Structure formats: structure tokens, C-alpha cells
Amino acid sequence: MNKTQLPESTGNGFLNNPQNRAIIYQVIALLFVIFLAYYFTNNMFENVEKRGITTGFSFLDDVAGFGISQTLVEYSDATSSYYDVFVIGLLNTLLVSVIGVVFASVLGLLIGVGRLSANYLISRLSLVYIETFRNIPILLQILFWYNVVLASLPSPRQSFSYFDSFFLNNRGLLTPEPIFESGSGFIFTAVILSIVGVFFLARWAKKRHDLSGEEFPIFKVSVAILVLSPVLVYFVTGQPIGAEYPELKGFNFKGGITIIPELLALIFALSIYTATYIAEAVRAGIEAVPPGQKEAAKSLGLKDHVILRKVVLPQALRVIIPPVINQYLNLVKNSSLATAIGYPELVTLFSGTTLNQVGQAIEIILMTMAVYLTISIVISLVLNWVNAKMAIKGR
Amino acid sequence: MATYTIKEAKPAPSGSKGAIYWLRKNLFPDIKNSLLTLLGLYFLYATIPPLLNWMIFEATWSGTQAEIVKEGARWIFIIEKFDQFIYGFYPEALHWRPNLVLLITIAFLASFKAVSNIKIKIVFMLLYPVICFVLISGGWFGLETVETEKWGGLMLTLVVAAVGIIASFPIGIVLALGRQSDMPIVKTLCVGFIEFIRGVPLITILFMASVVLPLFFSDGIDFDKLLRALIGITLFQAAYIAEVVRGGLQAIPKGQYEAAKSLGLGYWQGMILIILPQALKISIPNLVGSFISLFKDTTLVLIIGLFDILAMVTLTNSDTNWLGYEIEGYVFVTLIYWVICFTMSQYSKAIERKFNTEH
């Protein structure tokens with residue numbers, strides 16, 4: 001039998017080997033990147049020297065010397081360093097992110113469930129909400145809240161007052177400040193103890209249910225324990241937590257906690273904007289559960305709330321959680337837009353004011369980016385962990 | 001044999017069709033939902049009439065400032081400043097140039113459906129950006145040069161968005177291919193770039209582009225402010241495009257890759273002729289989604305000192321003759337953004353429906 005001879009490779013054998021070619025391509029790519037990095041750093045050092053900019057991170061120890069409108073930790077214009085400014089900016093970024101995430105989640109959940117409501121009007125209103133706020137740039141929303149809505153609030157003397165303890169005016173929202181006197185430690189202990197107690201109670205109840213099938217009203221009992229025990233301790237120890245109410249003195253308020261308008265505008269805009277995406281994720285997640293699942297559960301005789309808790313939610317959450325966590329990350333990143341209205345968070349304080357004063361652009365912007373990179377790495381690690389935990393098991 | 005007579009069809013049971021039935025089923029099925037409906041109706045009653053009054057019935061559309069007597073929106077401000085909102089400081093005598101670019105863009109998009117020859121399409125694609133650039137910035141063919149500092153308003157917004165979309169597209173595809181590649185070094189470089197960009201806010205990249213980028217080049221090379229912003233936005237958008245395209249690439253069945261190989265096509269031939277056309281087609285809805293995000297993100301250029309349409313609100317309000325008109329300005333800009341983004345998202349949904357063949 002004639003065997004068909006494969007023609008000998010005509011070209012250069014070495015180059016026609018895909019593995020060899022892959023190595024050559026990669027070496028070229030690497031060389032190109034190294035050359036670019038070398039070219040950039042070389043120019044950078046030259047330029048920095050020419051312009052007389054100091055390098056390194058020693059500026060962090062210098063006294064910053066500018067005022068900050070909202071600080072979560074001690075800060076003084078006279079002694080605090082740029083490092084303190086960095087920490088304050090970071091804390092304020094985290095503050096606005098956490099509050100924003102909470103509000104956006106609640107609002108998003110409500111709107112998402114409303115979107116699926118059998119009630120025609122509610123479902124349409126939710127749709128209008130989503131389509132309206134999703135298609136307006138977040139920066140525009142922040143500026144609108146800050147420059148139009150909050151700026152048109154009355155002066156402190158004519159503030160809106162709620163229950164004589166909350167005041168809203170163009171300097172912000174004033175709330176009573178809790179004062180912890182001696183003995184308030186007992187209350188915190190009571191809170192922690194009741195949380196631990198409820199945790200063990202829930203485990204016991206689940207075990208008993210698994211073994212005997214007997215139900216235990218775990219939800220009602222837990223709420224009762226969580227609410228009653230701190231309240232009881234509060235009165236037994238003689239009401240050690242008081243409150244300092246804001247009071248109008250002259251042209252402005254004294255006492256209480258002031259939530260500055262920049263923070264209010266930022267939280268309104270961020271949570272309203274992010275809620276539209278969370279609502280869509282919630283809707284998509286619930287719609288992703290096949291209707292047969294619900295019908296099957298019903299035909300097994302499960303009650304409605306059990307169907308929701310044991311059949312629909314576990315499957316829906318698997319679809320809902322990943323996009324929602326991504327939206328949380330977006331919210332953290334969007335909080336950097338605070339720089340447009342001057343809320344003192346990381347970008348405003350560090351990439352803004354500090355950069356203007358010190359002029360060390362490279363170090364400062366790298367530090368800012370590093371913070372956001374760390375946050376996003378942490379969030380994606382959490383996401384991976386959640387995904388692994390929620391993945392369909394046994395396949 | 002028994003005879004059967006056909007009975008007259010009975011009408012549907014009363015109360016199972018008609019407007020009343022619809023209302024009862026969709027708005028008032030039970031007490032809880034009835035309360036919700038009433039709440040919703042009250043909300044509509046409390047918001048819609050005042051809003052309409054402010055925007056239309058009580059609004060001032062013409063005349064001079066002194067004649068404003070009504071309570072509603074003072075649209076005369078927008079009408080007075082309309083040119084600034086649209087063109088920024090672009091010389092008035094040359095407004096025909098951006099207008100012509102808009103016409104060319106529409107013709108370009110229309111020609112894409114009409115022309116089927118791929119070579120002509122490629123020529124158009126290469127010519128289009130050049131023509132637009134020459135027309136807007138001038139300097140050739142006897143056109144007067146207009147510095148980028150004078151570009152502004154909606155025109156600048158559209159320029160930033162268009163450059164961001166067009167320039168990031170090829171970079172994004174290359175990054176996506178690199179991320180899917182078997183070559184470890186290429187893959188690492190691409191993954192590193194994409195994840196870095198996606199991990200930081202756009203504003204830090206814009207700061208980087210506007211403050212740090214000039215330090216990277218030797219003195220002879222000079223970037224103007226707009227170009228720096230464009231570089232930042234393009235790199236940013238490329239990372240997001242790359243992830244969208246990667247999604248498309250991953251959705252292509254393995255058999256397609258093998259088919260390309262068994263036809264004797266090399267990597268690039270297989271990618272360009274077989275894989276990418278399919279991958280890009282299924283990515284279109286997500287690509288449009290990322291274009292919408294980019295369009296909204298163009299507002300950030302105001303933070304590094306460019307005068308896009310949003311920045312024009314503050315700027316026009318600094319005119320001492322026209323103080324305190326922020327609200328009209330913001331509402332006007334909101335409407336423009338909303339209409340454009342909403343149209344794009346409806347388009348994306350329509351495409352999704354068209355491609356959705358599963359039932």
C-alpha cells in the first residue's frame with residue numbers, strides 16, 4: 001500500500017513550531033513593556049529633578065495645616081501630618097461607602113420587589129424609578145442634590161425641625177448625640193450576650209427540628225431577647241445613656257451631631273443611583289427561579305413563607321449576590337466623585353488638597369490608587385468566597 | 001340517531017373581562033394591594049401636577065429677564081445660553097463645522113447598513129475619524145484652527161465619548177484576546193492591566209493622565225489637556241470593553257475554534273474570520289451597555305477642568321447677569337443625558353430580543 005508522504009515543512013522549521021513562536025512573541029511583548037517602563041521612569045526622574053520636586057514618602061510626616069470639615073478621628077490644623085489627612089480621607093471614604101451600601105441595598109430591594117409586584121401601578125412606578133435614575137450620570141445627581149436641593153434649604157434660624165431633636169437646614173442635618181455615662185458598658189455587654197444567646201438558641205432549635213420535626217418560634221423569641229434584654233439592663237442600671245440635643249444659639253446650632261450637606265448629597269445620590277442596579281439584580285434573580293420550583297414546593301404542602309425562605313430565596317440569592325457585590329464596589333469607586341462637591345474623602349483630601357500643597361503627584365496618586373485597589377481586591381475575594389459557598393453542591 | 005344542536009356560546013362570566021375586571025385584578029386584588037395602589041396614586045398626585053406646572057404651564061419661554069413673573073422654570077436662560085451649552089466657546093462663525101460632523105456621523109452610520117462591500121466599509125472607517133478631526137480642529141485645507149480650550153458643551157461631551165468608544169475598541173479586543181491566550185506572559189500582562197484599571201475609580205485615572213502622564217515623556221512631547229483626558233478615558237474604557245469581549249469569546253463553543261483550526265486557518269485568520277464576528281455579535285448588548293456607562297462617565301472630565309455640558313451649568317451661572325439659574329441648567333442637562341442614554345438602552349434591549357432565539 002502506498003503511504004502518502006506528508007510534505008516536508010518548507011520554511012524555517014524552528015519558526016514554524018507554534019511553541020517556539022509563542023516564546024518569541026512573549027519575549028517581544030515583555031521587552032516592549034520593559035522598554036516602555038524604562039523609558040517612562042527615566043523621563044520621570046529627569047522631569048522630577050528638572051522641576052525640583054522632592055521624591056519619596058517623607059512628606060507624610062510634614063504638618064498638613066489645613067482645616068477639614070468632617071473628621072472621624074482627632075485632627076488639628078496645627079499638628080496633624082499628611083499621614084493623618086490620608087487616614088481621615090480613607091475613613092471618610094469608608095464611612096460614606098458603608099452608609100451608601102446600606103441605603104442602596106434597602107432601597108434596591110424594595111424597588112426590585114416592587115418591580116415584580118402583581119400591582120400594576122407599583123410595578124410601573126418601580127420601572128419609572130429605575131429607568132429615570134439609571135440614565136442620569138451619577139456626578140450630575142450629586143451636583144443636583146448639593147447645588148440645588150440642599151442649597152435651597154433654609155438658614156439655621158428657619159430650619160425644619162422634627163420632634164425638636166432633628167433639624168434640617170443649609171448647614172446640614174443635626175441629630176441628638178448619645179452620651180455614654182458610666183454603666184453603659186453593661187448595656188453593650190447585654191447586647192453582645194443576647195446576640196450570642198440567640199445564635200446558640202437558633203442552633204439548638206434547628207437541631208431539634210431536624211431530629212423531632214417540632215417547630216420552635218425562633219424568630220419571635222430572638223427578637224424578644226434582642227430587644228428586651230438591653231432595654232431591661234438600661235432601666236436596671238439607671239438609664240446611663242443620655243442624649244445631647246442640638247440647640248439654636250445665636251446664628252447656629254450647638255451640640256448634637258452635624259451631618260454636613262456634602263455627606264447628605266453624596267449619600268442621597270449614591271444610594272439612589274446604585275439602588276437602580278441592585279433593583280434590577282433582585283428582579284433578575286427572583287425571575288431566574290423557575291416557576292415549577294414554587295409549584296413543586298406548594299404541592300408538597302409548604303406554607304408561603306417557608307417556600308420563600310427555603311425554596312425561592314436560596315436559588316434567587318445565588319443569582320442576586322454576585323452582581324450586587326459588584327455594585328457595592330462601584331459605589332465605593334463612585335464615592336470618589338465627592339471631590340466635585342468637596343466632601344473630605346480620600347480623593348478630595350489626598351489627590352486634591354495634599355497634591356496641590358506638596359506637588360508629589362506620582363506618590364500621592366499611587367497611594368490613592370493602592371487604597372482603591374486594595375478595597376476592590378478585598379471585595380472580589382469576598383465575592384469569590386460567596387460564590388464558592390453558594391455554588392450548587394454535589395455536581 | 002340522536003341529533004345534536006349546537007348551543008349558543010355563552011358570554012364570559014360577568015366580571016372576568018373589561019376595564020373594571022382589569023382594575024380589580026391589577027390594582028385592587030386585596031386590602032394590602034389596594035392600600036399600595038392608593039399610596040401610589042397619592043404619590044403621582046403629589047408629584048406630577050407640580051412638576052408639569054413648573055416645567056410647562058408656569059414656565060417662562062421667551063422675553064427678557066425683567067419680564068419673569070411666573071413661578072415656573074425660566075427656560076429663557078437655556079434659550080439665551082443655548083449656544084454655550086452646545087458648542088462651548090467654539091467661535092460662532094464656525095458652528096457649521098461641528099454641525100457638519102454630526103451630519104457626516106449620521107451618514108456614516110446609515111452607510112454602514114447600505115454598503116455591503118467590506119473594503120469600502122474599512123475605507124469609510126479609516127476616513128471617518130480623520131475627516132471629523134480635521135473639520136472640528138481645523139488647521140488643514142484653509143480651515144481656521146480652533147484650539148481645544150475652546151471646545152466645550154455637548155460637542156465636547158460627544159467628542160470625548162466618541163473618541164473613547166472608537167479608540168478603546170481595538171485595544172479592548174486585543175486585551176481580551178491576550179487574556180484568553182495560552183501564552184503565560186502575555187496573559188499576565190493583560191490580566192494585570194485589566195484588573196488594575198477596573199480596580200480604581202475613573203477619577204484617579206483622569207488625575208493620573210492629567211498630572212502624572214506629562215512626567216512620563218521627555219520635554220519635547222507636549223499633550224494638551226483634552227488629549228490627556230482622552231488617553232485616560234480610552235485606557236479606562238479599553239479594560240471594560242476587554243471584559244465584555246471576553247464574555248463573548250467564552251460563549252463561543254469550542255467546536256468553532258477547532259473548526260477554524262481544521263480549516264487550516266492560523267490564529268489571526270481564525271480569530272478574524274470565524275471567532276470574533278460571532279463573539280462580537282453576541283456581545284453587542286453588553287457593548288452598548290458599556291458605551292452608556294462611558295457616556296455617563298464623560299461628565300467626570302469637568303473635575304480635571306474641561307468644560308463639558310455639565311460644567312457649562314456652573315459656568316453659565318457665573319455670568320453676573322444670570323445668577324441662580326442652576327436648577328434650569330441641571331434639568332436641561334439631565335434631559336439631554338437621559339434621552340441619549342435611554343435611547344441607547346432601548347436599542348440594546350431590542351438587539352437582545354432579536355438575538356434571543358431560545359424560548
# chains A, B, ... in the order shown; residues from 1 in each chain; ligands from 1
call {"tool": "interface_residues", "arguments": {"of": "chain B", "to": "chain A", "cutoff": "8 Å", "atoms": "only C-alpha atoms", "output": "ChimeraX atom specification"}}
result
/B:26-28,33,36-37,40,183,185-186,196,199-201,203-204,207-208,211-212,215-219,296-297,299-300,303,310,326-327,330,334,337-338,341-342
call {"tool": "residues_around", "arguments": {"residues": "Gly114 (chain A)", "least_positions_apart": "4", "cutoff": "8 Å", "atoms": "only C-alpha atoms", "output": "PyMOL selection string"}}
result
chain A and resi 110+122-123+126
call {"tool": "write_last_selection", "arguments": {"atoms": "N, CA, C and O atoms", "output": "PDB file, in the first residue's frame"}}
result
ATOM      1  N   LEU A 110     -36.404  47.038  47.907  1.00  0.00           N
ATOM      2  CA  LEU A 110     -37.807  47.466  47.824  1.00  0.00           C
ATOM      3  C   LEU A 110     -38.235  47.661  46.377  1.00  0.00           C
ATOM      4  O   LEU A 110     -39.278  47.174  45.944  1.00  0.00           O
ATOM      5  N   ILE A 122     -47.677  49.841  41.136  1.00  0.00           N
ATOM      6  CA  ILE A 122     -46.401  49.762  41.848  1.00  0.00           C
ATOM      7  C   ILE A 122     -45.295  49.285  40.917  1.00  0.00           C
ATOM      8  O   ILE A 122     -44.198  49.840  40.895  1.00  0.00           O
ATOM      9  N   SER A 123     -45.606  48.291  40.105  1.00  0.00           N
ATOM     10  CA  SER A 123     -44.583  47.766  39.204  1.00  0.00           C
ATOM     11  C   SER A 123     -44.171  48.816  38.168  1.00  0.00           C
ATOM     12  O   SER A 123     -42.991  48.967  37.858  1.00  0.00           O
ATOM     13  N   SER A 126     -42.023  51.487  39.885  1.00  0.00           N
ATOM     14  CA  SER A 126     -40.661  50.998  40.098  1.00  0.00           C
ATOM     15  C   SER A 126     -39.869  51.062  38.806  1.00  0.00           C
ATOM     16  O   SER A 126     -38.696  51.453  38.792  1.00  0.00           O
TER      17      SER A 126
END
call {"tool": "residues_around", "arguments": {"residues": "region 73-82 of chain A", "least_positions_apart": "5", "cutoff": "6 Å", "atoms": "only C-alpha atoms", "output": "PyMOL selection string"}}
result
chain A and resi 60-67
call {"tool": "write_last_selection", "arguments": {"atoms": "all heavy atoms", "output": "PDB file, in the first residue's frame"}}
result
ATOM      1  N   LEU A  60       4.832  62.614  54.159  1.00  0.00           N
ATOM      2  CA  LEU A  60       3.738  62.136  55.007  1.00  0.00           C
ATOM      3  C   LEU A  60       3.885  62.614  56.448  1.00  0.00           C
ATOM      4  O   LEU A  60       2.897  62.708  57.171  1.00  0.00           O
ATOM      5  CB  LEU A  60       3.674  60.608  54.962  1.00  0.00           C
ATOM      6  CG  LEU A  60       3.111  60.008  53.672  1.00  0.00           C
ATOM      7  CD1 LEU A  60       3.254  58.508  53.684  1.00  0.00           C
ATOM      8  CD2 LEU A  60       1.665  60.405  53.477  1.00  0.00           C
ATOM      9  N   ASP A  61       5.131  62.899  56.876  1.00  0.00           N
ATOM     10  CA  ASP A  61       5.341  63.324  58.266  1.00  0.00           C
ATOM     11  C   ASP A  61       5.175  64.834  58.438  1.00  0.00           C
ATOM     12  O   ASP A  61       5.106  65.327  59.559  1.00  0.00           O
ATOM     13  CB  ASP A  61       6.750  62.925  58.727  1.00  0.00           C
ATOM     14  CG  ASP A  61       6.918  61.424  58.718  1.00  0.00           C
ATOM     15  OD1 ASP A  61       5.912  60.750  58.964  1.00  0.00           O
ATOM     16  OD2 ASP A  61       8.034  60.948  58.445  1.00  0.00           O
ATOM     17  N   ASP A  62       5.124  65.582  57.332  1.00  0.00           N
ATOM     18  CA  ASP A  62       5.015  67.033  57.444  1.00  0.00           C
ATOM     19  C   ASP A  62       3.638  67.432  57.965  1.00  0.00           C
ATOM     20  O   ASP A  62       2.652  66.723  57.778  1.00  0.00           O
ATOM     21  CB  ASP A  62       5.249  67.691  56.074  1.00  0.00           C
ATOM     22  CG  ASP A  62       6.645  67.406  55.560  1.00  0.00           C
ATOM     23  OD1 ASP A  62       7.467  66.905  56.371  1.00  0.00           O
ATOM     24  OD2 ASP A  62       6.903  67.636  54.366  1.00  0.00           O
ATOM     25  N   VAL A  63       3.612  68.631  58.585  1.00  0.00           N
ATOM     26  CA  VAL A  63       2.341  69.130  59.104  1.00  0.00           C
ATOM     27  C   VAL A  63       1.484  69.612  57.934  1.00  0.00           C
ATOM     28  O   VAL A  63       1.948  70.323  57.045  1.00  0.00           O
ATOM     29  CB  VAL A  63       2.595  70.290  60.084  1.00  0.00           C
ATOM     30  CG1 VAL A  63       1.279  70.948  60.468  1.00  0.00           C
ATOM     31  CG2 VAL A  63       3.309  69.768  61.308  1.00  0.00           C
ATOM     32  N   ALA A  64       0.224  69.157  57.911  1.00  0.00           N
ATOM     33  CA  ALA A  64      -0.641  69.489  56.788  1.00  0.00           C
ATOM     34  C   ALA A  64      -1.111  70.934  56.864  1.00  0.00           C
ATOM     35  O   ALA A  64      -1.002  71.694  55.909  1.00  0.00           O
ATOM     36  CB  ALA A  64      -1.847  68.552  56.761  1.00  0.00           C
ATOM     37  N   GLY A  65      -1.676  71.322  58.003  1.00  0.00           N
ATOM     38  CA  GLY A  65      -2.004  72.719  58.221  1.00  0.00           C
ATOM     39  C   GLY A  65      -3.216  73.237  57.488  1.00  0.00           C
ATOM     40  O   GLY A  65      -3.329  74.439  57.261  1.00  0.00           O
ATOM     41  N   PHE A  66      -4.132  72.377  57.074  1.00  0.00           N
ATOM     42  CA  PHE A  66      -5.383  72.913  56.543  1.00  0.00           C
ATOM     43  C   PHE A  66      -6.553  72.305  57.294  1.00  0.00           C
ATOM     44  O   PHE A  66      -6.435  71.242  57.899  1.00  0.00           O
ATOM     45  CB  PHE A  66      -5.508  72.681  55.031  1.00  0.00           C
ATOM     46  CG  PHE A  66      -5.382  71.270  54.582  1.00  0.00           C
ATOM     47  CD1 PHE A  66      -6.484  70.426  54.583  1.00  0.00           C
ATOM     48  CD2 PHE A  66      -4.152  70.760  54.143  1.00  0.00           C
ATOM     49  CE1 PHE A  66      -6.374  69.119  54.155  1.00  0.00           C
ATOM     50  CE2 PHE A  66      -4.039  69.449  53.722  1.00  0.00           C
ATOM     51  CZ  PHE A  66      -5.145  68.632  53.732  1.00  0.00           C
ATOM     52  N   GLY A  67      -7.673  73.004  57.281  1.00  0.00           N
ATOM     53  CA  GLY A  67      -8.834  72.539  58.032  1.00  0.00           C
ATOM     54  C   GLY A  67      -9.622  71.499  57.253  1.00  0.00           C
ATOM     55  O   GLY A  67      -9.636  71.518  56.032  1.00  0.00           O
TER      56      GLY A  67
END
call {"tool": "closest_atom_pairs", "arguments": {"of": "region 159-191 of chain B", "to": "region 234-246 of chain B", "cutoff": "9 Å", "atoms": "only C-alpha atoms", "output": "CSV"}}
result
residue,atom,partner,partner_atom,distance
B:Val163,CA,B:Thr234,CA,7.5
B:Gly164,CA,B:Thr234,CA,4.8
B:Ile165,CA,B:Gln237,CA,7.4
B:Ile166,CA,B:Thr234,CA,8.6
B:Ala167,CA,B:Thr234,CA,6.3
B:Ser168,CA,B:Ala238,CA,4.5
B:Phe169,CA,B:Ala238,CA,6.4
B:Pro170,CA,B:Ala238,CA,8.1
B:Ile171,CA,B:Ala238,CA,5.8
B:Gly172,CA,B:Ala242,CA,4.2
B:Ile173,CA,B:Ala242,CA,5.7
B:Val174,CA,B:Ala242,CA,7.7
B:Leu175,CA,B:Ala242,CA,5.6
B:Ala176,CA,B:Ala242,CA,4.5
B:Leu177,CA,B:Arg246,CA,7.4
B:Arg179,CA,B:Arg246,CA,7.8
B:Gln180,CA,B:Arg246,CA,7.4
call {"tool": "write_last_selection", "arguments": {"atoms": "N, CA, C and O atoms", "output": "PDB file, in the first residue's frame"}}
result
ATOM      1  N   VAL B 163     -14.490  59.442  20.858  1.00  0.00           N
ATOM      2  CA  VAL B 163     -13.085  59.000  20.846  1.00  0.00           C
ATOM      3  C   VAL B 163     -12.907  57.829  21.806  1.00  0.00           C
ATOM      4  O   VAL B 163     -12.246  56.839  21.488  1.00  0.00           O
ATOM      5  N   GLY B 164     -13.521  57.943  22.975  1.00  0.00           N
ATOM      6  CA  GLY B 164     -13.403  56.867  23.959  1.00  0.00           C
ATOM      7  C   GLY B 164     -13.914  55.549  23.392  1.00  0.00           C
ATOM      8  O   GLY B 164     -13.280  54.506  23.556  1.00  0.00           O
ATOM      9  N   ILE B 165     -15.041  55.603  22.706  1.00  0.00           N
ATOM     10  CA  ILE B 165     -15.625  54.370  22.166  1.00  0.00           C
ATOM     11  C   ILE B 165     -14.770  53.821  21.018  1.00  0.00           C
ATOM     12  O   ILE B 165     -14.392  52.652  21.008  1.00  0.00           O
ATOM     13  N   ILE B 166     -14.419  54.716  20.075  1.00  0.00           N
ATOM     14  CA  ILE B 166     -13.744  54.222  18.870  1.00  0.00           C
ATOM     15  C   ILE B 166     -12.321  53.756  19.187  1.00  0.00           C
ATOM     16  O   ILE B 166     -11.908  52.672  18.786  1.00  0.00           O
ATOM     17  N   ALA B 167     -11.582  54.568  19.965  1.00  0.00           N
ATOM     18  CA  ALA B 167     -10.182  54.222  20.202  1.00  0.00           C
ATOM     19  C   ALA B 167     -10.038  53.032  21.139  1.00  0.00           C
ATOM     20  O   ALA B 167      -9.093  52.250  21.023  1.00  0.00           O
ATOM     21  N   SER B 168     -10.980  52.881  22.071  1.00  0.00           N
ATOM     22  CA  SER B 168     -10.819  51.798  23.035  1.00  0.00           C
ATOM     23  C   SER B 168     -11.185  50.452  22.439  1.00  0.00           C
ATOM     24  O   SER B 168     -10.787  49.417  22.955  1.00  0.00           O
ATOM     25  N   PHE B 169     -11.936  50.476  21.342  1.00  0.00           N
ATOM     26  CA  PHE B 169     -12.458  49.229  20.812  1.00  0.00           C
ATOM     27  C   PHE B 169     -11.362  48.247  20.369  1.00  0.00           C
ATOM     28  O   PHE B 169     -11.312  47.121  20.869  1.00  0.00           O
ATOM     29  N   PRO B 170     -10.450  48.680  19.465  1.00  0.00           N
ATOM     30  CA  PRO B 170      -9.389  47.739  19.083  1.00  0.00           C
ATOM     31  C   PRO B 170      -8.502  47.339  20.267  1.00  0.00           C
ATOM     32  O   PRO B 170      -8.143  46.162  20.381  1.00  0.00           O
ATOM     33  N   ILE B 171      -8.187  48.307  21.139  1.00  0.00           N
ATOM     34  CA  ILE B 171      -7.333  47.967  22.292  1.00  0.00           C
ATOM     35  C   ILE B 171      -8.027  46.924  23.155  1.00  0.00           C
ATOM     36  O   ILE B 171      -7.415  45.958  23.610  1.00  0.00           O
ATOM     37  N   GLY B 172      -9.330  47.139  23.360  1.00  0.00           N
ATOM     38  CA  GLY B 172     -10.084  46.210  24.197  1.00  0.00           C
ATOM     39  C   GLY B 172     -10.104  44.808  23.609  1.00  0.00           C
ATOM     40  O   GLY B 172      -9.942  43.820  24.339  1.00  0.00           O
ATOM     41  N   ILE B 173     -10.261  44.710  22.292  1.00  0.00           N
ATOM     42  CA  ILE B 173     -10.295  43.381  21.658  1.00  0.00           C
ATOM     43  C   ILE B 173      -8.946  42.687  21.828  1.00  0.00           C
ATOM     44  O   ILE B 173      -8.876  41.507  22.196  1.00  0.00           O
ATOM     45  N   VAL B 174      -7.860  43.450  21.589  1.00  0.00           N
ATOM     46  CA  VAL B 174      -6.524  42.853  21.748  1.00  0.00           C
ATOM     47  C   VAL B 174      -6.321  42.381  23.187  1.00  0.00           C
ATOM     48  O   VAL B 174      -5.816  41.276  23.430  1.00  0.00           O
ATOM     49  N   LEU B 175      -6.757  43.202  24.150  1.00  0.00           N
ATOM     50  CA  LEU B 175      -6.612  42.807  25.562  1.00  0.00           C
ATOM     51  C   LEU B 175      -7.412  41.550  25.861  1.00  0.00           C
ATOM     52  O   LEU B 175      -6.935  40.652  26.578  1.00  0.00           O
ATOM     53  N   ALA B 176      -8.624  41.468  25.302  1.00  0.00           N
ATOM     54  CA  ALA B 176      -9.458  40.287  25.558  1.00  0.00           C
ATOM     55  C   ALA B 176      -8.796  39.047  24.976  1.00  0.00           C
ATOM     56  O   ALA B 176      -8.738  37.997  25.625  1.00  0.00           O
ATOM     57  N   LEU B 177      -8.258  39.177  23.747  1.00  0.00           N
ATOM     58  CA  LEU B 177      -7.576  38.032  23.139  1.00  0.00           C
ATOM     59  C   LEU B 177      -6.356  37.657  23.971  1.00  0.00           C
ATOM     60  O   LEU B 177      -6.074  36.476  24.193  1.00  0.00           O
ATOM     61  N   ARG B 179      -5.960  38.069  27.131  1.00  0.00           N
ATOM     62  CA  ARG B 179      -6.367  37.434  28.375  1.00  0.00           C
ATOM     63  C   ARG B 179      -6.758  35.981  28.144  1.00  0.00           C
ATOM     64  O   ARG B 179      -6.607  35.146  29.032  1.00  0.00           O
ATOM     65  N   GLN B 180      -7.272  35.680  26.930  1.00  0.00           N
ATOM     66  CA  GLN B 180      -7.677  34.312  26.628  1.00  0.00           C
ATOM     67  C   GLN B 180      -6.519  33.489  26.073  1.00  0.00           C
ATOM     68  O   GLN B 180      -6.695  32.311  25.775  1.00  0.00           O
TER      69      GLN B 180
END
call {"tool": "select_by_dssp", "arguments": {"residues": "region 88-255 of chain B", "states": "alpha helix (DSSP H)", "output": "ChimeraX atom specification"}}
result
/B:96-114,118-137,153-180,184-199,202-207,213-216,225-251,254-255
call {"tool": "select_by_dssp", "arguments": {"residues": "region 41-170 of chain B", "states": "strand (DSSP E or B)", "output": "number ranges by chain"}}
result
B: 60, 74, 88, 151
call {"tool": "write_last_selection", "arguments": {"atoms": "all heavy atoms", "output": "short mmCIF file (atom, residue, chain, number, x, y, z; two decimals), in the first residue's frame"}}
result
data_model
loop_
_atom_site.label_atom_id
_atom_site.label_comp_id
_atom_site.auth_asym_id
_atom_site.auth_seq_id
_atom_site.Cartn_x
_atom_site.Cartn_y
_atom_site.Cartn_z
N THR B 60 -41.46 80.20 31.87
CA THR B 60 -41.23 81.37 31.04
C THR B 60 -40.36 80.96 29.87
O THR B 60 -39.25 80.48 30.07
CB THR B 60 -40.53 82.47 31.83
OG1 THR B 60 -41.16 82.57 33.10
CG2 THR B 60 -40.58 83.78 31.11
N ARG B 74 -37.54 78.96 34.29
CA ARG B 74 -37.22 80.12 33.46
C ARG B 74 -36.39 79.64 32.28
O ARG B 74 -35.17 79.78 32.27
CB ARG B 74 -36.49 81.15 34.31
CG ARG B 74 -37.34 81.63 35.48
CD ARG B 74 -36.50 82.08 36.64
NE ARG B 74 -35.72 80.99 37.20
CZ ARG B 74 -34.88 81.14 38.22
NH1 ARG B 74 -34.71 82.32 38.77
NH2 ARG B 74 -34.19 80.10 38.67
N GLY B 88 -19.89 75.28 23.62
CA GLY B 88 -18.84 75.84 24.48
C GLY B 88 -18.41 77.19 23.95
O GLY B 88 -19.23 78.03 23.62
N TRP B 151 -13.14 74.18 22.81
CA TRP B 151 -14.17 73.16 22.63
C TRP B 151 -14.93 73.04 23.93
O TRP B 151 -14.34 73.09 25.01
CB TRP B 151 -13.56 71.80 22.29
CG TRP B 151 -12.69 71.78 21.08
CD1 TRP B 151 -12.18 72.87 20.43
CD2 TRP B 151 -12.20 70.64 20.40
NE1 TRP B 151 -11.41 72.46 19.38
CE2 TRP B 151 -11.40 71.10 19.34
CE3 TRP B 151 -12.36 69.27 20.58
CZ2 TRP B 151 -10.76 70.23 18.47
CZ3 TRP B 151 -11.72 68.42 19.71
CH2 TRP B 151 -10.93 68.88 18.66
#
call {"tool": "atom_distance", "arguments": {"atom1": "CA of Ile241 (chain A)", "atom2": "CA of Val106 (chain A)"}}
result
28.5 Å
